[in-house]
$ cat input31.txt   # compact mmCIF, C-alpha atoms
# COMPACT_ATOMS: atom_id res chain seq x y z
CA MET A 12 45.15 -73.77 33.48
CA SER A 13 42.44 -74.23 30.96
CA ASP A 14 39.29 -72.14 30.76
CA LEU A 15 37.25 -75.13 31.92
CA ALA A 16 39.23 -75.24 35.14
CA LYS A 17 38.51 -71.65 36.09
CA THR A 18 36.44 -71.19 39.20
CA PRO A 19 33.31 -69.03 39.21
CA GLU A 20 35.14 -66.54 41.42
CA THR A 21 37.89 -66.16 38.86
CA SER A 22 35.37 -65.72 36.10
CA ALA A 23 33.57 -63.01 38.07
CA LYS A 24 36.79 -61.11 38.59
CA ALA A 25 37.46 -61.05 34.86
CA PRO A 26 34.20 -60.01 33.27
CA ARG A 27 33.71 -60.57 29.60
CA VAL A 28 34.18 -57.43 27.51
CA SER A 29 31.99 -57.12 24.44
CA THR A 30 33.57 -55.71 21.32
CA GLU A 31 30.22 -54.67 19.84
CA LYS A 32 29.47 -50.95 19.63
CA THR A 33 26.55 -49.77 21.69
CA THR A 34 24.49 -46.88 20.38
CA ALA A 35 21.89 -44.94 22.27
CA PRO A 36 18.42 -45.02 20.76
CA SER A 37 18.00 -42.03 18.44
CA ALA A 38 15.32 -39.57 19.44
CA ALA A 39 12.71 -38.56 16.90
CA PRO A 40 13.53 -35.20 15.27
CA VAL A 41 11.57 -32.34 16.74
CA PRO A 42 10.32 -29.96 14.08
CA ALA A 43 11.43 -26.38 14.61
CA VAL A 44 8.39 -24.16 14.90
CA ASP A 45 8.57 -20.40 15.13
CA PRO A 46 6.75 -19.57 18.38
CA ARG A 47 5.27 -16.51 16.69
CA LEU A 48 3.21 -18.89 14.55
CA LEU A 49 1.55 -20.33 17.64
CA VAL A 50 -0.05 -17.12 18.94
CA ARG A 51 -3.32 -18.01 17.26
CA GLU A 52 -3.56 -21.11 19.42
CA GLU A 53 -3.19 -19.11 22.65
CA GLY A 54 -6.27 -16.94 22.21
CA LEU A 55 -6.36 -13.31 23.28
CA LYS A 56 -3.35 -13.74 25.54
CA GLY A 57 -1.22 -14.88 22.62
CA TYR A 58 -2.29 -11.95 20.46
CA TRP A 59 -1.60 -9.46 23.23
CA SER A 60 1.86 -10.97 23.76
CA GLU A 61 2.55 -10.79 20.03
CA PHE A 62 1.35 -7.17 19.89
CA THR A 63 3.58 -6.07 22.77
CA ARG A 64 6.51 -7.97 21.24
CA LYS A 65 6.09 -6.13 17.94
CA VAL A 66 5.79 -2.73 19.63
CA ARG A 67 8.94 -3.33 21.69
CA GLY A 68 10.72 -4.51 18.55
CA GLY A 69 9.72 -1.44 16.54
CA GLU A 70 7.20 -3.23 14.29
CA LEU A 71 4.45 -0.62 14.59
CA GLY A 72 2.75 -1.25 11.24
CA SER A 73 -0.30 0.94 10.65
CA LEU A 74 -0.88 1.62 14.34
CA PRO A 75 0.40 5.25 14.32
CA VAL A 76 -1.74 6.06 11.27
CA LEU A 77 -4.91 4.60 12.78
CA VAL A 78 -4.32 6.43 16.05
CA GLY A 79 -3.69 9.63 14.08
CA LEU A 80 -6.93 9.24 12.13
CA ILE A 81 -8.92 8.81 15.34
CA VAL A 82 -7.32 11.91 16.85
CA ILE A 83 -7.95 13.94 13.67
CA ALA A 84 -11.61 12.89 13.57
CA ILE A 85 -12.17 13.75 17.24
CA VAL A 86 -10.40 17.13 17.09
CA PHE A 87 -12.12 18.40 13.95
CA GLN A 88 -15.51 17.02 14.94
CA LEU A 89 -15.27 18.97 18.17
CA GLN A 90 -14.34 22.10 16.19
CA ASN A 91 -17.04 21.62 13.56
CA SER A 92 -19.92 19.18 13.97
CA ASN A 93 -20.19 18.77 10.19
CA PHE A 94 -16.73 17.23 9.80
CA LEU A 95 -18.10 13.68 9.83
CA SER A 96 -21.21 14.58 7.83
CA ALA A 97 -22.10 12.83 4.59
CA SER A 98 -20.97 15.65 2.32
CA SER A 99 -17.66 16.02 4.15
CA VAL A 100 -16.90 12.29 3.98
CA ALA A 101 -17.81 12.26 0.27
CA ASN A 102 -15.45 15.18 -0.40
CA ILE A 103 -12.61 13.42 1.40
CA ALA A 104 -13.26 10.26 -0.64
CA VAL A 105 -13.37 12.06 -3.99
CA TYR A 106 -10.35 14.29 -3.41
CA SER A 107 -8.34 11.34 -2.08
CA SER A 108 -8.93 9.16 -5.13
CA GLY A 109 -6.77 10.72 -7.85
CA LEU A 110 -3.79 11.49 -5.62
CA GLY A 111 -4.27 8.15 -3.86
CA ILE A 112 -3.99 6.25 -7.15
CA MET A 113 -0.75 8.09 -7.87
CA ALA A 114 0.45 7.24 -4.35
CA VAL A 115 -0.04 3.52 -5.07
CA GLY A 116 2.63 3.77 -7.77
CA ILE A 117 4.92 5.65 -5.39
CA VAL A 118 4.48 2.84 -2.83
CA PHE A 119 6.00 0.36 -5.28
CA VAL A 120 8.89 2.74 -6.01
CA LEU A 121 9.55 3.24 -2.29
CA LEU A 122 9.53 -0.53 -1.79
CA LEU A 123 12.57 -0.56 -4.08
CA GLY A 124 14.20 2.02 -1.82
CA GLU A 125 14.05 4.64 -4.61
CA ILE A 126 12.07 7.81 -5.31
CA ASP A 127 10.08 9.12 -8.28
CA LEU A 128 10.03 12.93 -8.51
CA SER A 129 8.38 12.96 -11.94
CA VAL A 130 4.96 11.57 -11.00
CA GLY A 131 3.32 15.03 -10.93
CA SER A 132 4.65 15.97 -14.36
CA VAL A 133 3.67 12.56 -15.76
CA ALA A 134 0.15 13.20 -14.44
CA GLY A 135 0.08 16.51 -16.26
CA VAL A 136 1.28 14.91 -19.52
CA GLY A 137 -1.39 12.21 -19.21
CA ALA A 138 -4.12 14.82 -18.81
CA ALA A 139 -2.72 16.86 -21.72
CA VAL A 140 -2.54 13.83 -24.02
CA TRP A 141 -6.16 12.95 -23.30
CA ALA A 142 -7.39 16.52 -23.79
CA VAL A 143 -5.51 17.12 -27.04
CA LEU A 144 -6.58 13.81 -28.58
CA ASN A 145 -10.18 13.83 -27.40
CA VAL A 146 -11.11 17.50 -27.59
CA ASN A 147 -8.81 18.98 -30.23
CA HIS A 148 -8.56 15.97 -32.56
CA GLY A 149 -11.93 14.31 -31.91
CA TRP A 150 -10.59 10.90 -30.87
CA ASN A 151 -12.88 8.40 -29.20
CA ASP A 152 -13.10 9.09 -25.47
CA TRP A 153 -12.03 5.61 -24.38
CA LEU A 154 -9.18 5.47 -26.89
CA ALA A 155 -7.88 8.88 -25.77
CA VAL A 156 -7.92 7.73 -22.13
CA LEU A 157 -6.07 4.53 -23.04
CA VAL A 158 -3.39 6.42 -24.98
CA ALA A 159 -2.99 8.87 -22.08
CA VAL A 160 -2.41 6.04 -19.61
CA LEU A 161 -0.03 4.27 -21.98
CA SER A 162 1.93 7.48 -22.46
CA GLY A 163 2.49 7.65 -18.72
CA THR A 164 3.59 4.01 -18.75
CA ALA A 165 6.13 4.75 -21.48
CA LEU A 166 7.55 7.74 -19.63
CA GLY A 167 7.89 5.70 -16.44
CA ALA A 168 9.59 2.85 -18.32
CA LEU A 169 12.02 5.39 -19.79
CA HIS A 170 12.94 6.54 -16.28
CA GLY A 171 13.43 2.93 -15.24
CA PHE A 172 15.64 2.23 -18.26
CA PHE A 173 18.04 5.08 -17.49
CA PHE A 174 18.11 4.05 -13.84
CA ALA A 175 18.49 0.28 -14.29
CA LYS A 176 20.50 0.00 -17.51
CA ILE A 177 22.51 3.22 -17.67
CA GLY A 178 23.05 3.60 -13.93
CA VAL A 179 21.71 7.13 -13.53
CA PRO A 180 20.44 7.58 -9.95
CA ALA A 181 16.65 7.49 -9.73
CA PHE A 182 16.63 10.87 -7.99
CA VAL A 183 18.46 12.50 -10.92
CA VAL A 184 16.58 10.81 -13.76
CA THR A 185 13.14 11.50 -12.27
CA LEU A 186 14.15 15.07 -11.43
CA ALA A 187 15.07 15.49 -15.09
CA GLY A 188 11.71 13.98 -15.96
CA PHE A 189 9.96 16.39 -13.62
CA LEU A 190 11.46 19.33 -15.51
CA GLY A 191 11.29 17.89 -19.01
CA TRP A 192 7.74 16.57 -18.88
CA SER A 193 6.51 19.83 -17.36
CA GLY A 194 7.83 21.54 -20.47
CA LEU A 195 6.23 18.92 -22.71
CA GLN A 196 2.90 19.40 -20.94
CA GLU A 197 3.05 23.18 -21.44
CA TRP A 198 4.01 22.76 -25.11
CA MET A 199 1.12 20.35 -25.75
CA MET A 200 -1.42 22.66 -24.12
CA GLY A 201 -0.50 25.48 -26.51
CA GLY A 202 -0.99 29.18 -26.02
CA GLU A 203 -4.32 29.03 -24.20
CA GLY A 204 -2.98 26.69 -21.56
CA SER A 205 -6.27 24.95 -20.78
CA ILE A 206 -8.76 22.62 -22.45
CA ASN A 207 -12.17 22.25 -20.80
CA THR A 208 -13.57 18.82 -20.10
CA PRO A 209 -16.51 17.98 -22.41
CA SER A 210 -19.82 17.46 -20.66
CA GLY A 211 -20.63 13.80 -20.11
CA SER A 212 -17.14 12.60 -21.00
CA ILE A 213 -15.38 9.78 -19.18
CA VAL A 214 -12.94 12.14 -17.51
CA GLU A 215 -15.70 14.41 -16.25
CA ASN A 216 -17.53 11.44 -14.74
CA LEU A 217 -14.44 10.23 -12.89
CA THR A 218 -15.09 12.61 -9.99
CA ASN A 219 -18.59 13.88 -10.75
CA TYR A 220 -20.55 10.66 -11.08
CA PHE A 221 -22.27 9.22 -8.00
CA PHE A 222 -24.29 6.03 -7.63
CA GLU A 223 -27.43 7.53 -6.10
CA ASP A 224 -29.16 4.19 -5.58
CA LYS A 225 -28.58 3.12 -1.97
CA ALA A 226 -28.20 -0.47 -3.13
CA ALA A 227 -24.89 0.47 -4.77
CA GLY A 228 -23.26 1.63 -1.56
CA TYR A 229 -24.55 -1.24 0.57
CA GLY A 230 -23.86 -3.71 -2.23
CA LEU A 231 -20.22 -2.62 -2.49
CA ALA A 232 -19.90 -2.90 1.29
CA LEU A 233 -21.34 -6.42 1.20
CA VAL A 234 -19.00 -7.47 -1.61
CA ALA A 235 -16.01 -6.08 0.29
CA VAL A 236 -16.96 -7.93 3.48
CA LEU A 237 -17.58 -11.23 1.68
CA ALA A 238 -14.33 -10.94 -0.27
CA TYR A 239 -12.40 -10.23 2.93
CA ALA A 240 -13.97 -13.18 4.74
CA ALA A 241 -13.29 -15.45 1.77
CA SER A 242 -9.63 -14.41 1.68
CA LEU A 243 -9.27 -15.22 5.38
CA LEU A 244 -10.94 -18.60 4.97
CA VAL A 245 -8.82 -19.53 1.95
CA ASP A 246 -5.63 -18.48 3.76
CA SER A 247 -6.64 -20.48 6.83
CA ARG A 248 -7.36 -23.58 4.75
CA ARG A 249 -4.03 -23.30 2.93
CA ARG A 250 -2.13 -23.02 6.21
CA ARG A 251 -3.90 -26.03 7.69
CA SER A 252 -3.20 -28.11 4.60
CA ALA A 253 0.48 -27.17 4.94
CA GLY A 254 0.51 -28.18 8.61
CA LEU A 255 0.91 -24.61 9.89
CA PRO A 256 -1.05 -22.87 12.66
CA ALA A 257 -4.04 -21.06 11.18
CA ARG A 258 -6.53 -18.48 12.37
CA PRO A 259 -9.38 -20.04 14.35
CA THR A 260 -12.93 -19.52 13.16
CA SER A 261 -13.63 -17.17 16.06
CA GLU A 262 -10.85 -14.81 14.96
CA ILE A 263 -12.02 -14.86 11.34
CA ALA A 264 -15.53 -14.00 12.51
CA LEU A 265 -14.21 -11.15 14.70
CA ARG A 266 -12.08 -9.65 11.95
CA THR A 267 -14.91 -9.93 9.43
CA GLY A 268 -17.29 -8.29 11.89
CA ILE A 269 -14.99 -5.30 12.39
CA VAL A 270 -14.55 -4.84 8.65
CA ALA A 271 -18.31 -5.15 8.16
CA ILE A 272 -18.99 -2.42 10.74
CA LEU A 273 -16.55 -0.05 9.04
CA CYS A 274 -17.79 -0.74 5.50
CA PHE A 275 -21.48 -0.47 6.28
CA ALA A 276 -20.89 2.64 8.42
CA VAL A 277 -19.26 4.38 5.46
CA ALA A 278 -22.06 3.19 3.16
CA TYR A 279 -24.65 4.51 5.60
CA VAL A 280 -22.98 7.93 5.80
CA LEU A 281 -22.66 8.21 2.01
CA ASN A 282 -26.31 7.24 1.57
CA GLU A 283 -27.60 9.88 3.98
CA PRO A 284 -30.23 11.99 2.21
CA SER A 285 -28.83 15.27 3.52
CA GLY A 286 -25.72 16.55 1.81
CA ALA A 287 -24.45 13.40 0.05
CA ARG A 288 -25.11 12.26 -3.49
CA GLY A 289 -24.42 8.59 -2.96
CA LEU A 290 -21.42 6.38 -3.65
CA PRO A 291 -18.71 8.24 -5.63
CA LEU A 292 -17.40 6.50 -8.73
CA ALA A 293 -13.96 7.88 -7.87
CA LEU A 294 -13.92 5.93 -4.60
CA VAL A 295 -14.92 2.72 -6.39
CA LEU A 296 -12.09 3.09 -8.90
CA PHE A 297 -9.58 3.93 -6.16
CA LEU A 298 -10.55 0.83 -4.18
CA ALA A 299 -10.35 -1.31 -7.31
CA VAL A 300 -6.78 -0.09 -7.96
CA LEU A 301 -5.88 -0.81 -4.33
CA VAL A 302 -7.26 -4.35 -4.43
CA VAL A 303 -5.47 -5.23 -7.67
CA ALA A 304 -2.20 -3.65 -6.56
CA ASP A 305 -2.37 -5.37 -3.16
CA PHE A 306 -2.91 -8.73 -4.85
CA VAL A 307 0.07 -8.11 -7.12
CA ALA A 308 2.28 -7.08 -4.20
CA ARG A 309 1.38 -9.92 -1.83
CA ARG A 310 0.25 -12.83 -3.98
CA THR A 311 2.43 -12.82 -7.09
CA ALA A 312 6.07 -13.63 -7.80
CA PHE A 313 6.55 -10.10 -9.12
CA GLY A 314 5.44 -8.60 -5.80
CA ARG A 315 7.77 -10.82 -3.79
CA GLN A 316 10.62 -9.90 -6.11
CA VAL A 317 9.94 -6.19 -5.57
CA PHE A 318 10.30 -6.66 -1.82
CA ALA A 319 13.44 -8.73 -2.35
CA VAL A 320 15.09 -6.12 -4.57
CA GLY A 321 14.14 -3.36 -2.15
CA GLY A 322 15.54 -5.29 0.80
CA ASN A 323 18.86 -6.27 -0.77
CA PRO A 324 19.42 -5.85 -4.53
CA GLU A 325 22.65 -7.87 -4.59
CA ALA A 326 21.10 -10.79 -2.71
CA ALA A 327 18.12 -10.67 -5.07
CA ARG A 328 20.46 -10.76 -8.06
CA ARG A 329 22.31 -13.76 -6.63
CA ALA A 330 18.95 -15.48 -6.13
CA GLY A 331 18.28 -15.27 -9.87
CA ILE A 332 15.97 -12.24 -9.89
CA SER A 333 16.30 -9.89 -12.84
CA VAL A 334 16.83 -6.70 -10.85
CA ASP A 335 16.85 -4.49 -13.95
CA ARG A 336 13.53 -5.90 -15.15
CA ILE A 337 11.91 -5.33 -11.75
CA ARG A 338 13.15 -1.76 -11.57
CA ILE A 339 11.99 -0.86 -15.08
CA THR A 340 8.59 -2.46 -14.48
CA VAL A 341 8.07 -0.65 -11.18
CA PHE A 342 8.84 2.75 -12.68
CA ALA A 343 6.56 1.96 -15.62
CA LEU A 344 3.82 1.08 -13.12
CA SER A 345 4.39 4.37 -11.31
CA GLY A 346 4.10 6.26 -14.60
CA MET A 347 0.91 4.43 -15.56
CA LEU A 348 -0.82 5.18 -12.26
CA GLY A 349 0.52 8.73 -12.36
CA ALA A 350 -1.11 9.38 -15.74
CA PHE A 351 -4.34 7.74 -14.58
CA GLY A 352 -4.37 9.92 -11.46
CA GLY A 353 -3.79 12.96 -13.65
CA LEU A 354 -7.13 12.34 -15.34
CA PHE A 355 -8.81 12.54 -11.92
CA ILE A 356 -7.10 15.86 -11.23
CA ALA A 357 -8.26 17.17 -14.61
CA SER A 358 -11.78 16.03 -13.78
CA LEU A 359 -11.74 17.92 -10.48
CA SER A 360 -10.36 21.10 -12.08
CA GLY A 361 -12.84 21.02 -14.96
CA GLY A 362 -10.27 20.36 -17.66
CA ALA A 363 -6.63 19.87 -18.55
CA THR A 364 -4.47 22.87 -17.72
CA LYS A 365 -0.80 23.70 -17.43
CA SER A 366 -1.12 23.43 -13.66
CA VAL A 367 -2.36 19.81 -13.57
CA GLY A 368 0.18 17.84 -11.57
CA GLY A 369 1.96 20.98 -10.43
CA GLY A 370 1.94 22.82 -7.14
CA ASN A 371 2.09 20.50 -4.15
CA THR A 372 0.86 17.41 -6.03
CA LEU A 373 4.20 15.60 -5.91
CA MET A 374 4.74 16.31 -2.24
CA LEU A 375 1.24 15.19 -1.27
CA VAL A 376 1.59 11.92 -3.19
CA ILE A 377 4.93 11.03 -1.62
CA ALA A 378 3.72 12.17 1.79
CA ALA A 379 0.65 9.94 1.53
CA ALA A 380 2.76 6.84 0.89
CA VAL A 381 5.17 7.63 3.73
CA ILE A 382 2.55 8.74 6.24
CA GLY A 383 0.60 5.56 5.50
CA GLY A 384 3.53 3.45 6.69
CA THR A 385 5.72 2.70 3.65
CA SER A 386 9.41 2.93 4.54
CA LEU A 387 11.68 5.33 2.73
CA PHE A 388 14.49 2.80 3.12
CA GLY A 389 12.94 0.10 0.93
CA GLY A 390 11.64 -3.41 1.42
CA ARG A 391 8.85 -2.59 3.86
CA GLY A 392 5.34 -1.29 3.34
CA LYS A 393 1.85 -2.08 2.11
CA VAL A 394 -0.21 -0.90 -0.83
CA TRP A 395 -2.98 0.14 1.56
CA SER A 396 -0.55 2.76 2.90
CA ALA A 397 -1.67 4.93 -0.02
CA LEU A 398 -5.26 4.86 1.24
CA LEU A 399 -4.44 5.51 4.89
CA GLY A 400 -1.93 8.26 4.16
CA MET A 401 -4.17 10.06 1.69
CA ILE A 402 -7.13 9.93 4.07
CA VAL A 403 -4.94 11.50 6.76
CA ILE A 404 -3.83 14.32 4.42
CA GLN A 405 -7.29 15.03 3.00
CA SER A 406 -8.89 14.85 6.44
CA ILE A 407 -6.46 17.47 7.71
CA GLN A 408 -7.09 19.70 4.71
CA GLN A 409 -10.86 19.22 4.90
CA GLY A 410 -10.93 19.95 8.63
CA LEU A 411 -8.74 23.04 8.35
CA ASN A 412 -10.87 24.36 5.49
CA MET A 413 -14.01 23.88 7.54
CA ILE A 414 -12.62 25.90 10.44
CA GLY A 415 -11.24 28.59 8.13
CA MET A 416 -7.50 28.00 8.40
CA ALA A 417 -5.23 29.51 5.75
CA ASN A 418 -3.36 27.39 3.21
CA ALA A 419 -0.07 28.31 4.86
CA ILE A 420 -1.22 26.62 8.09
CA GLN A 421 -2.32 23.55 6.12
CA TYR A 422 1.11 23.21 4.53
CA MET A 423 2.87 23.54 7.87
CA ILE A 424 0.67 20.95 9.56
CA THR A 425 0.97 18.52 6.65
CA GLY A 426 4.74 18.96 6.70
CA ALA A 427 4.82 18.29 10.44
CA VAL A 428 2.78 15.12 9.98
CA LEU A 429 5.14 13.95 7.21
CA LEU A 430 8.18 14.63 9.40
CA ALA A 431 6.57 12.71 12.25
CA ALA A 432 5.94 9.74 9.96
CA VAL A 433 9.57 9.68 8.80
CA VAL A 434 10.82 10.00 12.39
CA ILE A 435 8.62 7.08 13.45
CA ASP A 436 9.94 5.03 10.53
CA SER A 437 13.57 5.84 11.38
CA VAL A 438 13.13 5.10 15.10
CA SER A 439 11.28 1.90 14.23
CA ARG A 440 14.12 0.68 12.01
CA ARG A 441 16.68 1.53 14.69
CA THR A 442 14.65 -0.33 17.31
CA GLN A 443 14.36 -3.36 15.04
CA LYS A 444 18.12 -3.40 14.50
CA THR A 445 18.68 -3.24 18.25
CA ALA A 446 16.22 -6.10 18.73
CA GLY A 447 17.87 -8.07 15.91
CA ARG A 448 14.78 -8.04 13.67
CA ALA A 449 15.88 -5.71 10.86
$ encode --input "input31.txt" --output "structure tokens"
Amino acid sequence: MSDLAKTPETSAKAPRVSTEKTTAPSAAPVPAVDPRLLVREEGLKGYWSEFTRKVRGGELGSLPVLVGLIVIAIVFQLQNSNFLSASSVANIAVYSSGLGIMAVGIVFVLLLGEIDLSVGSVAGVGAAVWAVLNVNHGWNDWLAVLVAVLSGTALGALHGFFFAKIGVPAFVVTLAGFLGWSGLQEWMMGGEGSINTPSGSIVENLTNYFFEDKAAGYGLALVAVLAYAASLLVDSRRRRSAGLPARPTSEIALRTGIVAILCFAVAYVLNEPSGARGLPLALVLFLAVLVVADFVARRTAFGRQVFAVGGNPEAARRAGISVDRIRITVFALSGMLGAFGGLFIASLSGGATKSVGGGNTLMLVIAAAVIGGTSLFGGRGKVWSALLGMIVIQSIQQGLNMIGMANAIQYMITGAVLLAAVVIDSVSRRTQKTAGRA
């Protein structure tokens, strides 16, 4: 029977089968967005959720340090009402500056997951070089300071060379530097063992010069607030242009307001007519070093490479990073800041002596970096850890001195605080591994 003779019933029983492939309409790709980037769009609830998530995951950041500073201030203020006075705050700022600058260099070394035991001896050599050239040989003050800082840079680069190129462990090579440069410092100082700082010299002014005009303190506070607000606005604009969630204007205003309160409160205390001499030059220089170092660490390719090498050297090498170059540069940076900090110590002690950089200098510098939140295991930390940690240490020492505690008690308490910081860091890393965030 032909197809034309088929009845409709027959045709219905044998439906026509199409040989064409049928494809479902493709859905538009959904961009993967990390939900942590959306907390800014959820307001206070989102920030609180993010904060609790970080605490549960072991990402404590600077929270323990800030809580510790508040507790220290309350305890010592209750013991002595002058703890938060203008003169006391100025002393903490001045005594924190030299060691704090040295701690900035240690932060970079710790980010590599290494240690530098020579920073105290390098500080002593830097002070000795300046004193011998400027006082004994009559060199120009600025030139002597420059050569002193460069000498510290060279010593640090030498440590980095033996570590990166020869393969000597950083602990061993810097321990050798600690011993060797201590001997070099003593040899340079000669039989007398001390060279007094000339009156009116650059080194003397490092810790003895104060900007007595109130406009200096308030002006620096204003510059700091404006710079902070500008950085937030620039970051927010960059994120929006890249299509990423950015901080709302209300959050930027809140953060800027908090920073403004802190900055102007410190300026007000330093400008009090009773007890204070104004804004210390040492504090200005310390903050300048912190700002530059923070920019290098967070905003430059070198800084990102330091974090990469500290996190996983082999992965960094496979990614094309010159691990040896990064290591040598970081140790050179530590030596440079160590020598610069040594000039501050010489300024405080009234001259270069055989004891500059000795005693507990090394331990305080490393403790400041660790207490401030920089990990001993590498790859995690901030340059501002040097500031926070040194303020904690100097606040403890200042408070104990004001209530008449012996040095032995100060050492024990500082050691306990250091141990607590390392324990918090270790527990934090373990918690992050458990949460899958390490």
$ residues_near_point --input "input31.txt" --point "(-12.5, 26.8, 9.6)" --cutoff "12 Å" --atoms "all atoms listed in the file" --output "list in words"
Phe87, Gln88, Leu89, Gln90, Asn91, Ser92, Asn93, Phe94, Ile407, Gln408, Gln409, Gly410, Leu411, Asn412, Met413, Ile414, Gly415, Met416, Ala417, Asn418, Ile420 and Gln421 of chain A
$ write_last_selection --input "input31.txt" --atoms "C-alpha atoms" --output "compact mmCIF listing (two decimals), keeping the file's coordinate frame"
# COMPACT_ATOMS: atom_id res chain seq x y z
CA PHE A 87 -12.12 18.40 13.95
CA GLN A 88 -15.51 17.02 14.94
CA LEU A 89 -15.27 18.97 18.17
CA GLN A 90 -14.34 22.10 16.19
CA ASN A 91 -17.04 21.62 13.56
CA SER A 92 -19.92 19.18 13.97
CA ASN A 93 -20.19 18.77 10.19
CA PHE A 94 -16.73 17.23 9.80
CA ILE A 407 -6.46 17.47 7.71
CA GLN A 408 -7.09 19.70 4.71
CA GLN A 409 -10.86 19.22 4.90
CA GLY A 410 -10.93 19.95 8.63
CA LEU A 411 -8.74 23.04 8.35
CA ASN A 412 -10.87 24.36 5.49
CA MET A 413 -14.01 23.88 7.54
CA ILE A 414 -12.62 25.90 10.44
CA GLY A 415 -11.24 28.59 8.13
CA MET A 416 -7.50 28.00 8.40
CA ALA A 417 -5.23 29.51 5.75
CA ASN A 418 -3.36 27.39 3.21
CA ILE A 420 -1.22 26.62 8.09
CA GLN A 421 -2.32 23.55 6.12
$ atom_distance --input "input31.txt" --atom1 "CA of Phe189 (chain A)" --atom2 "CA of Thr425 (chain A)"
22.3 Å
$ closest_residue --input "input31.txt" --among "A:Asn219, A:Thr385, A:Thr260, A:Ser242" --to "Gly321 (chain A)" --atoms "all atoms listed in the file"
A:Thr385
$ closest_residue --input "input31.txt" --among "A:Val115, A:Asn216, A:Pro209, A:Cys274" --to "Leu233 (chain A)" --atoms "only C-alpha atoms"
A:Cys274
$ residues_around --input "input31.txt" --residues "Arg328 (chain A)" --least-positions-apart "5" --cutoff "12 Å" --atoms "only C-alpha atoms" --output "list in words"
Gln316, Val317, Ala319, Val320, Gly321, Gly322, Asn323, Ser333, Val334, Asp335, Arg336 and Ile337 of chain A
$ residues_near_point --input "input31.txt" --point "(7.6, 7.8, -19.7)" --cutoff "10 Å" --atoms "only C-alpha atoms" --output "MDAnalysis selection string"
chainID A and resid 129:130 133 136 161:172 185 188 192 342:343 345:347 350
$ write_last_selection --input "input31.txt" --atoms "C-alpha atoms" --output "compact mmCIF listing (two decimals), in the coordinates of the input"
# COMPACT_ATOMS: atom_id res chain seq x y z
CA SER A 129 8.38 12.96 -11.94
CA VAL A 130 4.96 11.57 -11.00
CA VAL A 133 3.67 12.56 -15.76
CA VAL A 136 1.28 14.91 -19.52
CA LEU A 161 -0.03 4.27 -21.98
CA SER A 162 1.93 7.48 -22.46
CA GLY A 163 2.49 7.65 -18.72
CA THR A 164 3.59 4.01 -18.75
CA ALA A 165 6.13 4.75 -21.48
CA LEU A 166 7.55 7.74 -19.63
CA GLY A 167 7.89 5.70 -16.44
CA ALA A 168 9.59 2.85 -18.32
CA LEU A 169 12.02 5.39 -19.79
CA HIS A 170 12.94 6.54 -16.28
CA GLY A 171 13.43 2.93 -15.24
CA PHE A 172 15.64 2.23 -18.26
CA THR A 185 13.14 11.50 -12.27
CA GLY A 188 11.71 13.98 -15.96
CA TRP A 192 7.74 16.57 -18.88
CA PHE A 342 8.84 2.75 -12.68
CA ALA A 343 6.56 1.96 -15.62
CA SER A 345 4.39 4.37 -11.31
CA GLY A 346 4.10 6.26 -14.60
CA MET A 347 0.91 4.43 -15.56
CA ALA A 350 -1.11 9.38 -15.74
$ atom_distance --input "input31.txt" --atom1 "CA of Val302 (chain A)" --atom2 "CA of Leu231 (chain A)"
13.2 Å
$ closest_residue --input "input31.txt" --among "A:Gly392, A:Gly400, A:Gly204, A:Gly149" --to "Leu429 (chain A)" --atoms "only C-alpha atoms"
A:Gly400
$ residues_around --input "input31.txt" --residues "region 363-372 of chain A" --least-positions-apart "5" --cutoff "6 Å" --atoms "all atoms listed in the file" --output "NGL selection string"
:A and (131-132 or 134-135 or 138-139 or 197 or 204-206 or 357)
$ closest_residue --input "input31.txt" --among "A:Ile424, A:Gly353, A:Phe318, A:His148" --to "Val118 (chain A)" --atoms "all atoms listed in the file"
A:Phe318
$ closest_residue --input "input31.txt" --among "A:Ile332, A:Leu265, A:Ile402, A:Ala155" --to "Leu77 (chain A)" --atoms "only C-alpha atoms"
A:Ile402
$ closest_residue --input "input31.txt" --among "A:Val270, A:Met199, A:Leu373, A:Leu294" --to "Val140 (chain A)" --atoms "only C-alpha atoms"
A:Met199
$ atom_distance --input "input31.txt" --atom1 "CA of Arg329 (chain A)" --atom2 "CA of Arg309 (chain A)"
21.8 Å
